[in-house]
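Here's entry_18.cif, which has mmCIF, C-alpha atoms:
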```cif
data_work
#
loop_
_atom_site.label_atom_id
_atom_site.label_comp_id
_atom_site.auth_asym_id
_atom_site.auth_seq_id
_atom_site.Cartn_x
_atom_site.Cartn_y
_atom_site.Cartn_z
CA MET A 1 0.00 0.00 0.00
CA GLN A 2 2.99 2.21 -0.53
CA GLN A 3 1.18 3.95 -3.33
CA ASN A 4 -1.22 5.62 -0.94
CA LYS A 5 1.69 7.61 0.43
CA ASN A 6 2.52 8.92 -3.02
CA THR A 7 1.55 12.38 -4.01
CA ASP A 8 -0.90 12.67 -6.85
CA PHE A 9 1.84 13.62 -9.30
CA GLU A 10 3.83 10.52 -8.38
CA THR A 11 0.82 8.29 -8.89
CA ARG A 12 0.10 9.85 -12.26
CA SER A 13 3.70 9.39 -13.36
CA LEU A 14 3.86 5.66 -12.52
CA ASP A 15 5.11 3.87 -15.64
CA ALA A 16 3.77 6.77 -17.63
CA MET A 17 5.46 8.37 -20.58
CA CYS A 18 2.86 11.00 -21.11
CA ILE A 19 3.24 13.26 -18.12
CA ASN A 20 1.88 16.70 -17.54
CA GLU A 21 4.94 18.54 -16.23
CA SER A 22 3.20 21.87 -15.99
CA HIS A 23 2.43 23.14 -12.52
CA LEU A 24 0.15 25.86 -13.79
CA GLN A 25 -3.61 25.75 -13.42
CA HIS A 26 -5.59 26.74 -16.46
CA LYS A 27 -9.21 26.95 -17.50
CA TRP A 28 -10.42 24.02 -19.59
CA TYR A 29 -10.34 25.94 -22.88
CA HIS A 30 -6.55 26.13 -22.73
CA ASN A 31 -6.75 22.47 -23.76
CA ILE A 32 -8.15 23.49 -27.16
CA LYS A 33 -4.59 23.96 -28.41
CA TYR A 34 -3.88 20.27 -27.80
CA LEU A 35 -7.03 19.42 -29.71
CA ILE A 36 -5.68 21.41 -32.67
CA VAL A 37 -2.28 19.68 -32.49
CA GLY A 38 -4.21 16.40 -32.38
CA VAL A 39 -6.24 17.29 -35.48
CA LEU A 40 -3.09 18.13 -37.49
CA PHE A 41 -1.41 14.98 -36.19
CA GLY A 42 -4.46 12.87 -37.14
CA ILE A 43 -4.46 14.27 -40.69
CA VAL A 44 -0.77 13.39 -41.09
CA PHE A 45 -1.48 9.91 -39.67
CA VAL A 46 -4.18 9.17 -42.23
CA LYS A 47 -2.55 10.82 -45.25
CA SER A 48 0.78 9.05 -44.68
CA GLU A 49 -1.10 5.75 -44.19
CA VAL A 50 0.62 5.17 -40.84
CA VAL A 51 -2.82 4.10 -39.61
CA SER A 52 -3.14 1.47 -42.35
CA TRP A 53 -3.18 -2.17 -41.26
CA PHE A 54 -1.51 -3.00 -44.60
CA ARG A 55 1.46 -0.64 -44.02
CA ILE A 56 2.07 -2.23 -40.60
CA GLN A 57 2.05 -5.70 -42.20
CA GLU A 58 4.61 -4.50 -44.78
CA MET A 59 6.77 -3.09 -41.99
CA PHE A 60 6.85 -6.34 -40.01
CA ARG A 61 7.66 -8.32 -43.17
CA LEU A 62 10.41 -5.89 -44.28
CA GLN A 63 8.50 -5.30 -47.52
CA SER A 64 8.54 -1.51 -47.44
CA PHE A 65 10.77 1.29 -46.18
CA HIS A 66 7.82 3.65 -45.64
CA MET A 67 7.19 3.06 -41.90
CA TYR A 68 10.90 2.91 -41.06
CA GLY A 69 11.40 6.21 -42.86
CA ILE A 70 8.55 7.81 -40.92
CA ILE A 71 9.52 6.55 -37.47
CA GLY A 72 13.24 7.18 -38.13
CA SER A 73 12.80 10.76 -39.36
CA ALA A 74 10.32 11.52 -36.55
CA ILE A 75 12.91 10.37 -33.98
CA ALA A 76 15.65 12.40 -35.71
CA ILE A 77 13.54 15.59 -35.57
CA GLY A 78 12.58 14.75 -31.96
CA ILE A 79 16.22 14.32 -30.88
CA ILE A 80 17.23 17.62 -32.51
CA SER A 81 14.23 19.42 -30.96
CA VAL A 82 14.88 18.14 -27.44
CA TRP A 83 18.58 18.98 -27.79
CA LEU A 84 17.76 22.53 -28.91
CA ILE A 85 15.25 22.98 -26.06
CA LYS A 86 17.87 21.89 -23.50
CA LYS A 87 20.76 23.79 -25.11
CA PHE A 88 18.95 27.14 -25.37
CA ASN A 89 16.77 26.57 -22.29
CA ILE A 90 13.65 27.25 -24.36
CA LYS A 91 10.60 27.99 -22.19
CA THR A 92 6.93 27.15 -22.72
CA ILE A 93 4.58 29.83 -24.06
CA TYR A 94 3.68 30.51 -20.40
CA GLY A 95 7.34 31.05 -19.49
CA GLU A 96 7.74 27.76 -17.57
CA THR A 97 11.00 25.83 -17.77
CA ILE A 98 10.53 22.65 -19.81
CA GLU A 99 11.17 19.58 -17.65
CA PHE A 100 12.34 16.13 -18.64
CA HIS A 101 12.20 13.12 -16.35
CA PRO A 102 14.56 10.20 -16.89
CA LYS A 103 12.90 6.85 -17.52
CA THR A 104 13.79 4.05 -15.13
CA PHE A 105 14.20 0.54 -16.41
CA ASN A 106 11.90 -2.27 -15.30
CA ARG A 107 11.03 -5.63 -16.78
CA GLY A 108 7.71 -4.21 -18.00
CA GLN A 109 9.55 -2.62 -20.89
CA ILE A 110 10.55 -6.13 -22.04
CA PHE A 111 7.40 -8.15 -21.33
CA GLY A 112 4.97 -5.33 -21.97
CA GLY A 113 6.92 -4.35 -25.08
CA LEU A 114 6.68 -7.88 -26.51
CA ILE A 115 2.95 -8.05 -25.72
CA PHE A 116 2.25 -4.66 -27.28
CA GLY A 117 4.33 -5.57 -30.35
CA MET A 118 2.17 -8.64 -30.90
CA GLY A 119 -1.02 -6.59 -30.53
CA TRP A 120 0.37 -3.97 -32.92
CA ALA A 121 0.93 -6.61 -35.62
CA ILE A 122 -2.56 -8.11 -35.12
CA THR A 123 -4.59 -4.90 -35.04
CA GLY A 124 -2.27 -2.98 -37.37
CA ALA A 125 -2.56 -0.07 -34.98
CA CYS A 126 -0.90 1.41 -31.93
CA PRO A 127 -3.11 3.52 -29.65
CA GLY A 128 -2.90 6.74 -31.72
CA PRO A 129 -4.01 5.13 -35.00
CA LEU A 130 -6.95 3.49 -33.20
CA PHE A 131 -8.45 6.96 -32.64
CA ALA A 132 -7.65 8.06 -36.20
CA GLN A 133 -9.16 4.89 -37.72
CA ILE A 134 -12.44 5.48 -35.88
CA GLY A 135 -12.43 9.02 -37.30
CA THR A 136 -12.04 7.70 -40.84
CA GLY A 137 -15.26 5.75 -40.42
CA ALA A 138 -13.84 2.33 -39.51
CA THR A 139 -16.37 2.14 -36.67
CA VAL A 140 -15.55 -1.46 -35.73
CA THR A 141 -12.21 -0.12 -34.44
CA ALA A 142 -14.21 1.33 -31.53
CA VAL A 143 -14.41 -2.28 -30.30
CA THR A 144 -10.61 -2.59 -30.59
CA LEU A 145 -10.29 0.63 -28.59
CA LEU A 146 -12.71 -0.56 -25.88
CA SER A 147 -10.73 -3.78 -25.69
CA ALA A 148 -7.49 -1.80 -25.33
CA ILE A 149 -9.08 0.18 -22.49
CA ALA A 150 -10.05 -3.14 -20.89
CA GLY A 151 -6.45 -4.34 -21.29
CA THR A 152 -5.17 -1.20 -19.56
CA TRP A 153 -7.68 -1.73 -16.75
CA VAL A 154 -6.63 -5.35 -16.23
CA TYR A 155 -3.00 -4.20 -16.11
CA GLY A 156 -3.94 -1.71 -13.38
CA LEU A 157 -5.68 -4.51 -11.48
CA LEU A 158 -2.68 -6.89 -11.69
CA ARG A 159 0.06 -4.26 -11.47
CA GLU A 160 1.28 -5.15 -7.96
CA ARG A 161 1.86 -8.75 -9.04
CA LEU A 162 3.49 -7.96 -12.38
CA HIS A 163 6.36 -5.70 -11.32
CA MET B 1 -4.63 39.29 -68.47
CA ASP B 2 -6.48 39.31 -65.14
CA VAL B 3 -8.64 36.47 -66.37
CA ALA B 4 -5.56 34.53 -67.36
CA LEU B 5 -4.02 35.08 -63.92
CA LEU B 6 -7.19 34.04 -62.13
CA TYR B 7 -7.42 30.95 -64.30
CA HIS B 8 -3.82 30.14 -63.53
CA SER B 9 -4.24 30.45 -59.75
CA GLU B 10 -7.33 28.27 -59.87
CA ILE B 11 -5.35 25.57 -61.63
CA ASP B 12 -2.69 25.88 -58.96
CA HIS B 13 -5.31 25.50 -56.27
CA ILE B 14 -6.76 22.36 -57.85
CA ASN B 15 -3.27 20.91 -58.29
CA MET B 16 -2.50 21.60 -54.62
CA VAL B 17 -5.62 19.76 -53.45
CA GLU B 18 -4.90 16.88 -55.83
CA PHE B 19 -1.36 16.79 -54.47
CA LEU B 20 -2.61 16.65 -50.86
CA LYS B 21 -5.02 13.83 -51.74
CA GLN B 22 -2.14 11.55 -52.75
CA PRO B 23 -0.58 9.45 -49.98
CA TRP B 24 2.07 11.63 -48.32
CA PRO B 25 5.67 10.35 -48.54
CA TRP B 26 7.62 9.36 -45.43
CA TYR B 27 9.99 12.34 -45.61
CA VAL B 28 7.03 14.69 -45.22
CA ALA B 29 5.05 12.72 -42.63
CA GLY B 30 7.96 11.64 -40.40
CA PRO B 31 9.33 15.14 -39.68
CA LEU B 32 5.77 16.46 -39.08
CA ILE B 33 5.18 13.69 -36.54
CA GLY B 34 8.57 14.46 -34.96
CA LEU B 35 7.58 18.13 -34.60
CA THR B 36 4.75 17.06 -32.29
CA VAL B 37 7.42 16.53 -29.59
CA PRO B 38 8.56 20.19 -29.35
CA ALA B 39 5.03 21.46 -30.10
CA LEU B 40 3.56 19.79 -26.99
CA LEU B 41 6.56 20.72 -24.83
CA ILE B 42 6.46 24.38 -25.82
CA LEU B 43 2.66 24.67 -25.67
CA GLY B 44 2.55 23.54 -22.04
CA ASN B 45 5.32 21.21 -20.84
CA LYS B 46 3.56 18.06 -22.06
CA SER B 47 5.50 14.93 -22.96
CA PHE B 48 4.24 13.31 -26.16
CA GLY B 49 2.43 10.05 -25.42
CA ILE B 50 -0.84 8.55 -26.51
CA SER B 51 -1.39 5.25 -24.69
CA SER B 52 -1.74 7.08 -21.36
CA SER B 53 -5.09 8.35 -22.63
CA LEU B 54 -6.39 4.79 -22.16
CA ARG B 55 -5.36 4.97 -18.50
CA HIS B 56 -7.05 8.35 -18.04
CA ILE B 57 -10.24 6.88 -19.51
CA CYS B 58 -10.03 4.04 -16.95
CA ALA B 59 -9.35 6.55 -14.14
CA SER B 60 -12.29 8.73 -15.14
CA CYS B 61 -14.84 5.99 -15.87
CA ILE B 62 -13.99 2.78 -13.98
CA PRO B 63 -11.35 3.46 -11.27
CA ALA B 64 -12.83 0.64 -9.10
CA ASN B 65 -10.64 1.67 -6.15
CA ILE B 66 -7.51 0.38 -7.93
CA PRO B 67 -4.47 2.45 -6.75
CA PHE B 68 -3.15 2.73 -10.33
CA PHE B 69 -6.31 4.61 -11.31
CA LYS B 70 -6.64 6.77 -8.19
CA TYR B 71 -5.23 10.12 -9.25
CA ASP B 72 -6.57 13.42 -10.44
CA TRP B 73 -7.11 12.52 -14.11
CA LYS B 74 -8.47 16.01 -14.79
CA LYS B 75 -4.88 17.28 -14.60
CA GLU B 76 -4.20 15.10 -17.64
CA ALA B 77 -7.28 16.23 -19.54
CA TRP B 78 -5.00 17.76 -22.19
CA ASN B 79 -4.19 14.20 -23.31
CA LEU B 80 -7.87 13.41 -23.86
CA PHE B 81 -8.30 16.60 -25.92
CA PHE B 82 -5.24 15.55 -27.93
CA VAL B 83 -6.55 12.06 -28.77
CA PHE B 84 -10.02 13.40 -29.55
CA GLY B 85 -8.25 15.77 -31.96
CA ILE B 86 -6.59 12.75 -33.61
CA LEU B 87 -10.04 11.22 -34.14
CA LEU B 88 -11.33 14.49 -35.67
CA GLY B 89 -8.18 14.73 -37.81
CA GLY B 90 -8.93 11.25 -39.16
CA ALA B 91 -12.44 12.38 -40.10
CA ILE B 92 -11.16 15.55 -41.78
CA ALA B 93 -8.50 13.66 -43.74
CA MET B 94 -11.14 11.21 -44.92
CA GLY B 95 -13.78 13.84 -45.68
CA LEU B 96 -11.68 16.45 -47.48
CA LEU B 97 -8.44 14.84 -48.57
CA SER B 98 -9.44 11.26 -49.21
CA ASN B 99 -7.42 9.34 -51.81
CA PRO B 100 -9.91 7.97 -54.39
CA ASN B 101 -7.64 5.05 -55.37
CA PRO B 102 -7.28 1.77 -53.46
CA MET B 103 -4.07 1.45 -51.47
CA GLU B 104 -1.03 0.10 -53.29
CA VAL B 105 0.83 -2.53 -51.31
CA ASN B 106 3.85 -4.72 -51.88
CA THR B 107 2.94 -7.45 -54.39
CA LYS B 108 4.31 -10.20 -52.14
CA LEU B 109 2.03 -9.04 -49.35
CA ALA B 110 -0.94 -8.84 -51.73
CA THR B 111 -0.33 -12.42 -52.85
CA GLU B 112 -0.06 -13.64 -49.26
CA LEU B 113 -3.21 -11.78 -48.17
CA ALA B 114 -5.19 -13.03 -51.18
CA GLY B 115 -4.53 -16.52 -49.83
CA TYR B 116 -6.49 -15.57 -46.70
CA GLY B 117 -9.30 -14.01 -48.73
CA ILE B 118 -8.16 -10.42 -48.12
CA THR B 119 -8.61 -8.57 -51.42
CA ASN B 120 -10.35 -5.33 -50.40
CA TYR B 121 -7.90 -2.39 -50.22
CA ASP B 122 -10.49 0.40 -50.06
CA ASN B 123 -10.16 0.99 -46.32
CA LEU B 124 -7.29 1.49 -43.90
CA ILE B 125 -8.25 -1.78 -42.21
CA PRO B 126 -8.90 -5.00 -44.14
CA ALA B 127 -12.69 -5.01 -44.45
CA ASP B 128 -12.66 -8.72 -45.37
CA VAL B 129 -11.55 -9.72 -41.87
CA MET B 130 -12.13 -6.64 -39.68
CA SER B 131 -15.74 -5.46 -39.87
CA TRP B 132 -18.89 -5.62 -37.73
CA PRO B 133 -20.07 -8.95 -39.25
CA SER B 134 -16.59 -10.51 -38.90
CA LEU B 135 -16.45 -9.43 -35.24
CA PHE B 136 -18.68 -12.41 -34.51
CA THR B 137 -16.39 -14.91 -36.22
CA PHE B 138 -13.52 -16.58 -34.35
CA ARG B 139 -10.94 -14.95 -36.63
CA GLY B 140 -12.48 -11.49 -36.37
CA PHE B 141 -12.78 -11.80 -32.59
CA ILE B 142 -9.05 -12.55 -32.26
CA LEU B 143 -8.04 -9.71 -34.60
CA ILE B 144 -10.29 -7.10 -33.02
CA VAL B 145 -10.89 -8.02 -29.39
CA ILE B 146 -7.78 -10.02 -28.43
CA GLY B 147 -5.55 -7.74 -30.52
CA GLY B 148 -6.96 -4.64 -28.85
CA PHE B 149 -6.52 -6.17 -25.40
CA LEU B 150 -2.84 -6.92 -26.10
CA VAL B 151 -2.30 -3.31 -27.24
CA GLY B 152 -3.87 -1.85 -24.08
CA PHE B 153 -2.26 -4.29 -21.64
CA GLY B 154 1.16 -4.28 -23.31
CA THR B 155 1.51 -0.50 -23.69
CA ARG B 156 0.69 0.13 -20.05
CA TYR B 157 2.96 -2.69 -18.82
CA ALA B 158 5.74 -1.24 -20.99
CA GLY B 159 4.93 2.28 -19.80
CA GLY B 160 4.34 3.71 -23.25
CA CYS B 161 3.70 2.98 -26.90
CA THR B 162 5.26 4.03 -30.19
CA SER B 163 4.76 7.71 -29.35
CA GLY B 164 5.81 7.64 -25.69
CA HIS B 165 8.78 5.29 -25.99
CA ALA B 166 9.90 5.11 -29.63
CA ILE B 167 9.48 8.82 -30.39
CA MET B 168 9.41 10.82 -27.11
CA GLY B 169 11.64 8.44 -25.12
CA LEU B 170 14.26 8.07 -27.84
CA SER B 171 14.15 11.83 -28.52
CA ASN B 172 15.25 12.30 -24.90
CA LEU B 173 17.88 9.52 -25.36
CA GLN B 174 16.37 7.22 -22.71
CA TRP B 175 17.86 3.74 -22.99
CA PRO B 176 14.87 1.99 -21.32
CA SER B 177 12.80 3.38 -24.22
CA LEU B 178 15.25 1.80 -26.66
CA VAL B 179 14.76 -1.55 -24.89
CA ALA B 180 10.99 -1.11 -25.14
CA THR B 181 11.16 -0.15 -28.83
CA ILE B 182 13.31 -3.18 -29.67
CA CYS B 183 10.81 -5.40 -27.83
CA PHE B 184 7.88 -3.82 -29.75
CA MET B 185 9.64 -4.79 -32.98
CA ILE B 186 10.52 -8.33 -31.82
CA GLY B 187 6.90 -8.92 -30.73
CA GLY B 188 5.60 -7.51 -34.01
CA PHE B 189 7.94 -9.53 -36.22
CA ALA B 190 7.13 -12.74 -34.35
CA MET B 191 3.40 -12.14 -34.55
CA ALA B 192 3.27 -11.02 -38.21
CA ASN B 193 5.51 -13.80 -39.55
CA LEU B 194 4.94 -16.76 -37.22
CA ILE B 195 1.54 -16.49 -35.56
CA LEU B 196 -0.69 -14.16 -37.62
CA PRO B 197 -0.63 -16.40 -40.74
CA HIS B 198 -2.30 -19.13 -38.63
CA ILE B 199 -4.89 -16.70 -37.27
CA LEU B 200 -5.70 -15.36 -40.74
CA SER B 201 -6.02 -18.94 -42.05
CA LEU B 202 -8.77 -19.74 -39.51
#
```
Before anything else, please render the file you have as structure tokens.
Amino acid sequence: MQQNKNTDFETRSLDAMCINESHLQHKWYHNIKYLIVGVLFGIVFVKSEVVSWFRIQEMFRLQSFHMYGIIGSAIAIGIISVWLIKKFNIKTIYGETIEFHPKTFNRGQIFGGLIFGMGWAITGACPGPLFAQIGTGATVTAVTLLSAIAGTWVYGLLRERLH
Amino acid sequence: MDVALLYHSEIDHINMVEFLKQPWPWYVAGPLIGLTVPALLILGNKSFGISSSLRHICASCIPANIPFFKYDWKKEAWNLFFVFGILLGGAIAMGLLSNPNPMEVNTKLATELAGYGITNYDNLIPADVMSWPSLFTFRGFILIVIGGFLVGFGTRYAGGCTSGHAIMGLSNLQWPSLVATICFMIGGFAMANLILPHILSL
């Protein structure tokens, strides 16, 4: 029951990559800007066919460079961006210092990684593309998404025994 | 002359839309996806990651007194706005910029898939095996329900997905994210080449 002693931020950050580092409190409509980034991101996802089951099958059979080019160039731009942010101490639009938290290793990255990889090859989608696919009218993907939510819930239930 | 200019700009406009309707190449899409990392950091100190949205949905709807879901999910509401935006973006891309031609895939893959009865390339998912009617077949159930479960369980166990580990984690040079990314690929290769052919043959 050690988790009950954690602060809320610590609980939210458990095994999480997506963390809200901001300590500022904003009204809800400040979140609209993330909606807009999401819309642009979703358009790129669909138009580049990253959300295509067929492109994922090609990737895992080494039959196309497309997905490797996308993930590789995205990482390259990400590395340069993070380096520039650290080097020039770039602040957020609210003037906050941008924070990075190191990731600690645990066996979840191996076992969970293998499990997710298998799911990725079956569904042809990681979590982001699931949302985009539903938007394109592939409504049956809503079942895949509900199932993924169920998988996350079962992980939360078994977490103490898995780590 | 004005008429000629107007005519010319209209042609340009049509060409631009036609250009956007084509599938976008990797060297356009990849850098745009990479720019999401600094965009979210600069807009409000947010680390790029998508699978966490599934956890926030659990925390907001079915926390069931599980410690992992007992936190103030409203502080992470930005992530839910972000993924809802992705859904809207998918709808916009399909509504305004949809490619009228079926997807072109590697001929070896097309031959393999034809063997399982997958010949429809009109959608982003294979309609022959992933659709509402096929959901109630054994094969469709595995692809949709079991597959989805593995994605949700695996990403949370690993602490992130392609966005959180492969893109955000590697951008910040985190070696645990490299381990996770390598394991994603091993799991995917094993499934696609060794196990999925048996599932699709069902």
*Find the residues with any atom within 7 Å of (0.2, 15.2, -30.8); use only C-alpha atoms and the coordinates as given in the file, and write the answer as number ranges by chain.*
A: 37-38, 41; B: 36, 40, 48, 82
_Given the PyMOL selection byres ((chain A and resi 83) around 12) and the file above, list the residues it selects as a ChimeraX atom specification._
/A:76-82,84-90,98,100 /B:37-38,170-173
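The closest residue to Gly72 of chain A, picked from B:Val179, B:Ile125, B:Ala166, B:Leu96 and counting all atoms listed in the file, is B:Ala166.
Within 7 Å of segment 27-32 of chain B, once all atoms listed in the file are used and residues closer than 4 positions along the same chain are dropped, the contacting residues are Val44, Ser48, Gly69, Ile70, Ile71, Ser73, Ala74 and Ile77 of chain A; Thr36 of chain B.
The shortest atom-to-atom distance to chain A, with all atoms listed in the file taken into account, belongs to B:Ser47 out of B:Ser47, B:Thr119, B:Asn101, B:Ser134.
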*asked:* Residue by residue, what does the PyMOL selection byres ((chain A and resi 120) around 12) grab here? Present the result as a PyMOL selection string.
replied: (chain A and resi 51-57+59-60+112-119+121-130+144+148) or (chain B and resi 143-144+146-155+161-162+183-192+196)
